Amino acid sequence: KSRIVWYINPIPAHKKISVPTSLLGVLKTKTTMMSSRNQPSSSSMLPVSEWIRLALDSVMTNYLPDVEESSIDGDADLAVSTDAYIVPALRIATSLAEQICRAEAAAAAAEDEAAYQEALPGGGRDTSYSNNLQIILPTPDSNWSSKTFVHIPHEIYSYYDLYTGGEVVGVGGNHTSYLSVTRAQLMPTMAADAGDSDNASTEKLRRIHSLGLVFYELFSGGDRPSLHNASELEDLIDPLCIGQGNNHDEIHLADALKIIDDLDEYDDEFGQHPQKKAAQNRHPSISTEALHSKRIPGTLCDLVVNMLDCTNGEFTGSEAYRSMSDVLIDLQLMLDQPATFLRDIDLEKLFSTDELDFSETMFGRESELSILRSVYQRSLSSGQKELALITGPAGSGKSYLSHRFGDDVRASGGVFLSAKFDQLKQARPLSALTSAFNDYCEALSRDGGSEGAKSFVSQLRSRLRNDDVFYLTQMIPSLANVLHQEGVLGLEAGNDCVNAQQRLQFLLCQFVEAMTESTTVSIAVHLDDLHNADDASIGVINQLFLSTSTQRIFFLASSREDEKLCKMMTNMDNFGAMYKQIKMDDLDELAINKAISELLHLSPRLTRPLSIIAHHKTRGNALFFSRWMVALSKEGLLHPSLNRRRWVWNENEIRMKKVPDDVAMFFRGSIHNLPKVVQKSLFVMACFGASLDGALIESLERALPLQLFTSLNVAVGEGLLDKIDNQYRFSHDCIQEAAYNMIILEEKCLHHFQHGLSLAKLSFSEVSQGQDNDNILFAAVNQLNLGGPAALQALEESFIVATLNLRAGKKAMQMSDFKAAYSFFDNGISFLRKKHWQEHYELSLELFSLAAKCALTNGDFASMKLLIEQVLNNARTFEEKLLLLYYSICSFAYSGEFVEAAQNIESILSQLGEALPEPEQTSRSELLHIVEQTKVTLEKYSVGALKNLKRIEDPCKKITMLFLARLHFCLFFINPEKQPIVTTRMVYFTLSHGMCETSPLAFAFFGSMLGKLGNIEQGYQYTKLAKQLIEENASCESSGLALSTAAQLFCYVEPVQAVVPLFIEACERSMSEGDATNACVTMMCYCNEAYISGLVLPRLKEKCSEARRLMKRLGHSSALSHLVILERHLQSLMGAPWGSDHGIEEEIEEANSHTIFYSLVYNLCNSFMFRMYCTTKIVVQQFLAHNRVDWTLMFLQSESTFIFGLASFWISRESSEPRWKQCGLKAKEAMREWTKSSKWNFEHKFLLLDAENNFCDGNVEQATILYEKAIKSAEEHRFVNGEALACELAGYFYLDLGEKITAKKYFVKAHEAYELWGALGKAAILNEEIEKELNTSVR
């Protein structure tokens, strides 16, 4: 009755157990089955035969409740085939196989240890180790079933006498609990030591056979093999009989017939002699017909057969098991993936379709999909946007992985948008992105009444003006349906755009922000084939990635690795954007075997020979591999077998089959085998890119003598195309490339041109009938341009193609896609004949003029210059040259050549009759007189009358205003003294000729100039008028500049904290207009005014970071130089380095007068606030020496006056020089005047200047009152920075009086206010100074 003990001592550190890698994964996830008599146990054990009976009773009771007494046996057979029974039976089988695998692995380790000990120097052995090692392996026999026990939890069994065979004592719990068992144990009464067997491999096979007998009984519901008696079976597994050939004589009739059927099947299909297929023949030593008759899954039947077959000598089948580890792996697969490895395949479906189903196959990309899911979940949980970038060679499975991920997103309720970039569709650069967003809008329009759609419309309306919405609807047509076309029609589509690229980026970013803010579901955007993306799309994508305002969205990009991708990744690294690169290499042999195993629903050990061939022939390319497998299926080399109820293949035939060297050649062969008409249709489709929608195919069928739909459907059946809704798409871009490259190189341009010409004729026909299909137009022009001028067949075709390009270019301009428009105009010019200026003057003038405009907006000044020269040399009138001259002036201004630009403008204005007086001939008093006269003239008009002025219709008058506005911009940098002349001329021009898009800018300039001259109240009225004109007109030239100019003056009237957000709006307007320069300058103004308003410094730091990213991305070095000055001051106040991501180490660009003034202001702030007297005095002297005269009121001027006055009073007290007091008094008087216009913004500053003045004069009592008033005013008006400074200066005042206790009180308040503001560096310095002066801390 002694218990047989199986246990394993720890293996020495220097030894490694040799266990198959595939088995390790199984063993690591399982718990050991070893137990001992004294080991605490939470379960008892039950013989497997008893468990089978009780488990079947549980199944029939709980899962087959309608069992009649007379049909118990039949229903028992039915119960055996149910999942309720099979799954726990599998768990028991897996537990037993694992137990033996562990024992075999330990035995192998013991043998290795013994060999190691023998090899020790001196031949000595570590007997202490060998004595402790007890490895017991079960001896094979035919009666293992009687020694197999199932672990039953105590709530079911209270006790079972394992050794006496006693009856069950106390059965409790629900019968279904028998089906929840997970462990079993083999307890043999006889055992042999690990090394006793003369033939270890034979012993392993006998153990497999013995366990197979147990599995037969387990899965059959208690039946035992009936063919052989015990003695025959012992002879059968006797090692002496193995290989003798005498153990196949007795074969069950059904199995014999099955073998014959299989042989006939192979003989018929492959023409091979049965003897040559001996490895495929199966001579099982025990019949499994009973298992099949009970409807047990075929995979389980095969598993038992292959276990029993392993000792069948020379007649052992090739699929018989050779190791217990393979048995364990197959059992675990059945448990883990029953749908793939346990369930019988649907033969009826297979024979009806005869196709391989790749839908559930991951091609070994499970780990990549897992990484992708984790990155996505991280993005969702953090609420931050993130990019996953899948890279790899063509055909590696990038798109397939992306689509599987997209299925996950949709299944979880998210939105998955896909933008596929196409190299042959770059004539419309943003078409891929806008197509994805159009799909989103189509879904919203179908859901028009939903809260999500209403929220989206509300978000978009709040972010964009009507003209912005209009341009978006041109790019995203379905957006008009979402908006119900409300307020998007009737706009002037001919607006100029300073930088079209920036405008498009801004509009699409606003669209995406509205998407993310209007929904609670996750949004993922897939950028497929990013390596084919055009420059315009790359710019938009960079903006979406790097913009801090666009959040709550996940981007997934798939791309081949190229220079474009490397640049994008470098850009993201520089800006700290979050992204994860997932590299896709070709599949290894293990991954291919896994894919084939899952595809054919067969064990990996069975598919391994086929996977070796597959890897060799396809070199692991996922696309090549999948298509190769499909080809095998179509050729019958891989097919489902009715007899074997599974997939079968001819290994020799497949090995001998020749395949092309690469996937491209493979696809060429596949296309070449198609009917000629189908090939031709694929060639046509390949000329148009990766996809064609149904509407365009219909147009092509009308234009070409081809039945495209019929042919393309054939290609769909062959797996070369996918049909999604009404769109045909090449299944992979490699197929499109293969089809396109099959066209003879010299004939490609002719193919493109003929397709384009056919569509062009159709387009002209539709236009003549009042229809205008943009898709046909763009498709026709794209094909014509791909063909090029060399494809022209007749002279009149050049005029037709140029005209079509002009139409397409205008359409693109309406969509604000100036890059595409320039491409169309440039192609149109290339088709013109030599004497086109004489023969087609109007067409030539329009093409060159519009191409020059697009070149300007795209920043291509070199091309613009060449185009303008052509127009200036060939235009017939001065008026026809004006617009081109304006473009030329703009290019000078954008390049920083302000002097040359100003000179050219003045020359042109003279020719237009608007000559300006020289500044040297106009004194300041005369300038003031001109301003006063203009003011008096304007006072004759009410605000309503000004708004109702007639509109300028004359193009020359409109462009004159544009020249004046551009001159004002240039004079700000080179000759600000002359600005009043230009400003007043713009006002008079508006009053004389009427309102135009530039008029709001004139009123903003004039109001700012009045404020500069001290008339803030009246200036405020005109800047408000400018703002109203901007808000009431859908289109306004330079509205961002006009609004930012007005906001500067608003800060002198309205609470600055309320005005600061207006600078953000002005920046957004400038971005929407493509005015990158003013957008950067306005963001700089925002940071200045936010600093003055007392915005907490950590928040201001974030805003400075946003401004920095914008300026660096747009390449605006001047604004960035100004930002560096402010950031250095903020860094001093905050007292801690910001880190390399802020990079405030940049050098300031070569200083102009404005940069010098800006630098002096913040140098003075820094030296004064940190009480650096000598530095402060030097900077104040520099301040006085700097004599910048301008006519524009900036809010920074008030801050500079304030700090200059405080510094002057300080220097006056320290030096006793009267002139410094006079400087302070001058500043105080200026602050007094500004306080009249805004008590909120300036009262605390005036009171503090007055207190410092009285401090200088020795008026202690008055100074005491004023300091307290200044502190209170700053607190009431929410200037924490002003409160901190006033408390600090009051402290120094009392310290000078010797009242240290009172001084400390104010210093403590100053310290608290500085910390509240976020100026921790300043607070720390203040504490150090007070400790030195008062010998105490402020804390």
# chains A, B, ... in the order shown; residues from 1 in each chain; ligands from 1
call {"tool": "closest_atom_pairs", "arguments": {"of": "range 447-484 of chain A", "to": "range 1063-1072 of chain A", "cutoff": "9 Å", "atoms": "only C-alpha atoms", "output": "JSON lines"}}
result
{"residue": "A:Arg463", "atom": "CA", "partner": "A:Glu1068", "partner_atom": "CA", "distance": 8.9}
{"residue": "A:Leu464", "atom": "CA", "partner": "A:Ser1072", "partner_atom": "CA", "distance": 8.6}
{"residue": "A:Arg465", "atom": "CA", "partner": "A:Arg1069", "partner_atom": "CA", "distance": 8.7}
{"residue": "A:Asp468", "atom": "CA", "partner": "A:Ser1072", "partner_atom": "CA", "distance": 7.1}
call {"tool": "closest_atom_pairs", "arguments": {"of": "range 1066-1156 of chain A", "to": "range 1163-1180 of chain A", "cutoff": "12 Å", "atoms": "only C-alpha atoms", "output": "JSON lines"}}
result
{"residue": "A:Tyr1091", "atom": "CA", "partner": "A:Cys1165", "partner_atom": "CA", "distance": 11.7}
{"residue": "A:Ile1092", "atom": "CA", "partner": "A:Cys1165", "partner_atom": "CA", "distance": 11.2}
{"residue": "A:Ile1125", "atom": "CA", "partner": "A:Asn1163", "partner_atom": "CA", "distance": 8.4}
{"residue": "A:Leu1126", "atom": "CA", "partner": "A:Asn1163", "partner_atom": "CA", "distance": 9.3}
{"residue": "A:Glu1127", "atom": "CA", "partner": "A:Asn1166", "partner_atom": "CA", "distance": 11.4}
{"residue": "A:Arg1128", "atom": "CA", "partner": "A:Asn1166", "partner_atom": "CA", "distance": 9.3}
{"residue": "A:His1129", "atom": "CA", "partner": "A:Asn1166", "partner_atom": "CA", "distance": 6.1}
{"residue": "A:Leu1130", "atom": "CA", "partner": "A:Asn1166", "partner_atom": "CA", "distance": 8.9}
{"residue": "A:Gln1131", "atom": "CA", "partner": "A:Asn1166", "partner_atom": "CA", "distance": 10.4}
{"residue": "A:Ser1132", "atom": "CA", "partner": "A:Asn1166", "partner_atom": "CA", "distance": 7.8}
{"residue": "A:Leu1133", "atom": "CA", "partner": "A:Asn1166", "partner_atom": "CA", "distance": 8.2}
{"residue": "A:Met1134", "atom": "CA", "partner": "A:Asn1166", "partner_atom": "CA", "distance": 11.9}
{"residue": "A:Gly1135", "atom": "CA", "partner": "A:Phe1170", "partner_atom": "CA", "distance": 11.7}
{"residue": "A:Ile1156", "atom": "CA", "partner": "A:Asn1163", "partner_atom": "CA", "distance": 10.4}
call {"tool": "residues_around", "arguments": {"residues": "Gln1028 in chain A", "least_positions_apart": "4", "cutoff": "10 Å", "atoms": "only C-alpha atoms", "output": "PyMOL selection string"}}
result
chain A and resi 947+1000+1022-1024+1032-1033+1043
call {"tool": "write_last_selection", "arguments": {"atoms": "all heavy atoms", "output": "mmCIF file, in the first residue's frame"}}
result
data_model
loop_
_atom_site.group_PDB
_atom_site.id
_atom_site.type_symbol
_atom_site.label_atom_id
_atom_site.label_comp_id
_atom_site.auth_asym_id
_atom_site.auth_seq_id
_atom_site.Cartn_x
_atom_site.Cartn_y
_atom_site.Cartn_z
ATOM 1 N N LYS A 947 -20.507 101.664 -42.098
ATOM 2 C CA LYS A 947 -20.781 100.267 -42.450
ATOM 3 C C LYS A 947 -21.544 100.142 -43.755
ATOM 4 O O LYS A 947 -21.403 99.148 -44.475
ATOM 5 C CB LYS A 947 -21.589 99.596 -41.329
ATOM 6 C CG LYS A 947 -20.814 99.325 -40.059
ATOM 7 C CD LYS A 947 -21.709 98.593 -39.059
ATOM 8 C CE LYS A 947 -20.977 98.270 -37.782
ATOM 9 N NZ LYS A 947 -21.847 97.547 -36.828
ATOM 10 N N PRO A 1000 -11.328 97.143 -43.280
ATOM 11 C CA PRO A 1000 -11.206 96.987 -41.823
ATOM 12 C C PRO A 1000 -9.789 97.218 -41.325
ATOM 13 O O PRO A 1000 -9.588 97.747 -40.225
ATOM 14 C CB PRO A 1000 -11.654 95.541 -41.588
ATOM 15 C CG PRO A 1000 -12.577 95.246 -42.718
ATOM 16 C CD PRO A 1000 -11.998 95.972 -43.893
ATOM 17 N N TYR A 1022 -12.800 103.332 -33.498
ATOM 18 C CA TYR A 1022 -12.476 102.888 -34.860
ATOM 19 C C TYR A 1022 -11.942 101.459 -34.875
ATOM 20 O O TYR A 1022 -12.185 100.720 -35.833
ATOM 21 C CB TYR A 1022 -11.486 103.862 -35.502
ATOM 22 C CG TYR A 1022 -12.112 105.204 -35.773
ATOM 23 C CD1 TYR A 1022 -11.616 106.358 -35.179
ATOM 24 C CD2 TYR A 1022 -13.224 105.325 -36.599
ATOM 25 C CE1 TYR A 1022 -12.192 107.599 -35.409
ATOM 26 C CE2 TYR A 1022 -13.821 106.552 -36.823
ATOM 27 C CZ TYR A 1022 -13.308 107.685 -36.231
ATOM 28 O OH TYR A 1022 -13.907 108.898 -36.436
ATOM 29 N N THR A 1023 -11.217 101.062 -33.820
ATOM 30 C CA THR A 1023 -10.775 99.662 -33.781
ATOM 31 C C THR A 1023 -11.967 98.734 -33.545
ATOM 32 O O THR A 1023 -12.009 97.617 -34.072
ATOM 33 C CB THR A 1023 -9.716 99.454 -32.683
ATOM 34 O OG1 THR A 1023 -10.193 99.986 -31.441
ATOM 35 C CG2 THR A 1023 -8.409 100.131 -33.038
ATOM 36 N N LYS A 1024 -12.967 99.207 -32.763
ATOM 37 C CA LYS A 1024 -14.186 98.410 -32.604
ATOM 38 C C LYS A 1024 -14.919 98.285 -33.934
ATOM 39 O O LYS A 1024 -15.473 97.226 -34.265
ATOM 40 C CB LYS A 1024 -15.098 99.056 -31.563
ATOM 41 C CG LYS A 1024 -14.764 98.692 -30.137
ATOM 42 C CD LYS A 1024 -15.975 98.717 -29.205
ATOM 43 C CE LYS A 1024 -16.797 99.974 -29.365
ATOM 44 N NZ LYS A 1024 -17.902 100.017 -28.363
ATOM 45 N N GLU A 1032 -18.878 90.868 -39.419
ATOM 46 C CA GLU A 1032 -20.092 90.935 -40.222
ATOM 47 C C GLU A 1032 -19.866 90.567 -41.674
ATOM 48 O O GLU A 1032 -20.823 90.383 -42.427
ATOM 49 C CB GLU A 1032 -20.692 92.343 -40.137
ATOM 50 C CG GLU A 1032 -21.210 92.694 -38.747
ATOM 51 C CD GLU A 1032 -21.646 94.140 -38.641
ATOM 52 O OE1 GLU A 1032 -21.650 94.821 -39.699
ATOM 53 O OE2 GLU A 1032 -21.952 94.604 -37.528
ATOM 54 N N ASN A 1033 -18.610 90.505 -42.114
ATOM 55 C CA ASN A 1033 -18.320 90.169 -43.506
ATOM 56 C C ASN A 1033 -17.695 88.797 -43.568
ATOM 57 O O ASN A 1033 -16.764 88.478 -42.825
ATOM 58 C CB ASN A 1033 -17.355 91.198 -44.117
ATOM 59 C CG ASN A 1033 -18.038 92.544 -44.346
ATOM 60 O OD1 ASN A 1033 -18.699 92.742 -45.361
ATOM 61 N ND2 ASN A 1033 -17.905 93.447 -43.383
ATOM 62 N N LEU A 1043 -7.436 92.307 -36.566
ATOM 63 C CA LEU A 1043 -7.944 91.974 -35.237
ATOM 64 C C LEU A 1043 -6.849 92.101 -34.182
ATOM 65 O O LEU A 1043 -7.094 92.603 -33.077
ATOM 66 C CB LEU A 1043 -8.504 90.553 -35.243
ATOM 67 C CG LEU A 1043 -9.386 90.174 -34.049
ATOM 68 C CD1 LEU A 1043 -10.571 91.116 -33.924
ATOM 69 C CD2 LEU A 1043 -9.866 88.725 -34.200
#
call {"tool": "closest_residue", "arguments": {"among": "A:Phe149, A:Ser370, A:Ala1002, A:Cys1087", "to": "Ala1107 in chain A", "atoms": "only C-alpha atoms"}}
result
A:Cys1087
call {"tool": "select_by_dssp", "arguments": {"residues": "range 588-670 of chain A", "states": "alpha helix (DSSP H)", "output": "JSON, numbers by chain"}}
result
{"A": [589, 590, 591, 592, 593, 594, 595, 596, 597, 598, 599, 600, 604, 605, 606, 607, 608, 609, 610, 611, 612, 613, 614, 615, 616, 617, 618, 622, 623, 624, 625, 626, 627, 628, 629, 630, 631, 632, 633, 634, 651, 652, 653, 654, 655, 656, 663, 664, 665, 666, 667, 668, 669, 670]}
call {"tool": "closest_residue", "arguments": {"among": "A:Glu589, A:Ile981, A:Pro1061, A:Arg951", "to": "His929 in chain A", "atoms": "only C-alpha atoms"}}
result
A:Ile981
call {"tool": "select_by_dssp", "arguments": {"residues": "range 659-849 of chain A", "states": "strand (DSSP E or B)", "output": "list in words"}}
result
Ser691, Leu692, Asp693, Leu721, Asp722, Lys723, Ile724, Gln727, Tyr728, Arg729 and Phe730 of chain A
call {"tool": "closest_residue", "arguments": {"among": "A:Ser210, A:Thr607, A:Asn741, A:Ser478", "to": "Met665 in chain A", "atoms": "only C-alpha atoms"}}
result
A:Asn741
call {"tool": "atom_distance", "arguments": {"atom1": "CA of Glu842 in chain A", "atom2": "CA of Ser758 in chain A"}}
result
25.7 Å
call {"tool": "residues_around", "arguments": {"residues": "Lys761 in chain A", "least_positions_apart": "6", "cutoff": "10 Å", "atoms": "only C-alpha atoms", "output": "ChimeraX atom specification"}}
result
/A:703,767,777,780,800
call {"tool": "write_last_selection", "arguments": {"atoms": "all heavy atoms", "output": "PDB file, in the first residue's frame"}}
result
ATOM      1  N   ALA A 703     -17.031  55.954 -72.062  1.00  0.00           N
ATOM      2  CA  ALA A 703     -15.981  56.594 -72.865  1.00  0.00           C
ATOM      3  C   ALA A 703     -15.121  55.592 -73.616  1.00  0.00           C
ATOM      4  O   ALA A 703     -14.592  55.901 -74.678  1.00  0.00           O
ATOM      5  CB  ALA A 703     -15.090  57.447 -71.955  1.00  0.00           C
ATOM      6  N   VAL A 767     -20.759  69.198 -69.555  1.00  0.00           N
ATOM      7  CA  VAL A 767     -20.788  70.650 -69.305  1.00  0.00           C
ATOM      8  C   VAL A 767     -21.764  71.324 -70.260  1.00  0.00           C
ATOM      9  O   VAL A 767     -22.516  72.235 -69.878  1.00  0.00           O
ATOM     10  CB  VAL A 767     -19.376  71.244 -69.447  1.00  0.00           C
ATOM     11  CG1 VAL A 767     -19.435  72.766 -69.438  1.00  0.00           C
ATOM     12  CG2 VAL A 767     -18.486  70.751 -68.328  1.00  0.00           C
ATOM     13  N   LEU A 777     -13.690  65.384 -64.380  1.00  0.00           N
ATOM     14  CA  LEU A 777     -12.731  66.406 -64.806  1.00  0.00           C
ATOM     15  C   LEU A 777     -11.346  66.105 -64.253  1.00  0.00           C
ATOM     16  O   LEU A 777     -10.354  66.080 -64.997  1.00  0.00           O
ATOM     17  CB  LEU A 777     -13.201  67.783 -64.340  1.00  0.00           C
ATOM     18  CG  LEU A 777     -12.196  68.937 -64.539  1.00  0.00           C
ATOM     19  CD1 LEU A 777     -11.927  69.149 -66.026  1.00  0.00           C
ATOM     20  CD2 LEU A 777     -12.717  70.206 -63.887  1.00  0.00           C
ATOM     21  N   ALA A 780      -9.811  62.942 -65.792  1.00  0.00           N
ATOM     22  CA  ALA A 780      -9.380  63.169 -67.172  1.00  0.00           C
ATOM     23  C   ALA A 780      -8.083  63.956 -67.217  1.00  0.00           C
ATOM     24  O   ALA A 780      -7.130  63.579 -67.921  1.00  0.00           O
ATOM     25  CB  ALA A 780     -10.477  63.898 -67.944  1.00  0.00           C
ATOM     26  N   ILE A 800      -7.191  71.940 -76.079  1.00  0.00           N
ATOM     27  CA  ILE A 800      -8.180  71.232 -75.248  1.00  0.00           C
ATOM     28  C   ILE A 800      -7.569  70.884 -73.894  1.00  0.00           C
ATOM     29  O   ILE A 800      -8.174  71.130 -72.836  1.00  0.00           O
ATOM     30  CB  ILE A 800      -8.659  69.956 -75.970  1.00  0.00           C
ATOM     31  CG1 ILE A 800      -9.448  70.320 -77.235  1.00  0.00           C
ATOM     32  CG2 ILE A 800      -9.500  69.092 -75.039  1.00  0.00           C
ATOM     33  CD1 ILE A 800      -9.808  69.123 -78.097  1.00  0.00           C
TER      34      ILE A 800
END
call {"tool": "closest_residue", "arguments": {"among": "A:Thr361, A:Thr516, A:Gln505, A:Asn652", "to": "Gly539 in chain A", "atoms": "only C-alpha atoms"}}
result
A:Gln505
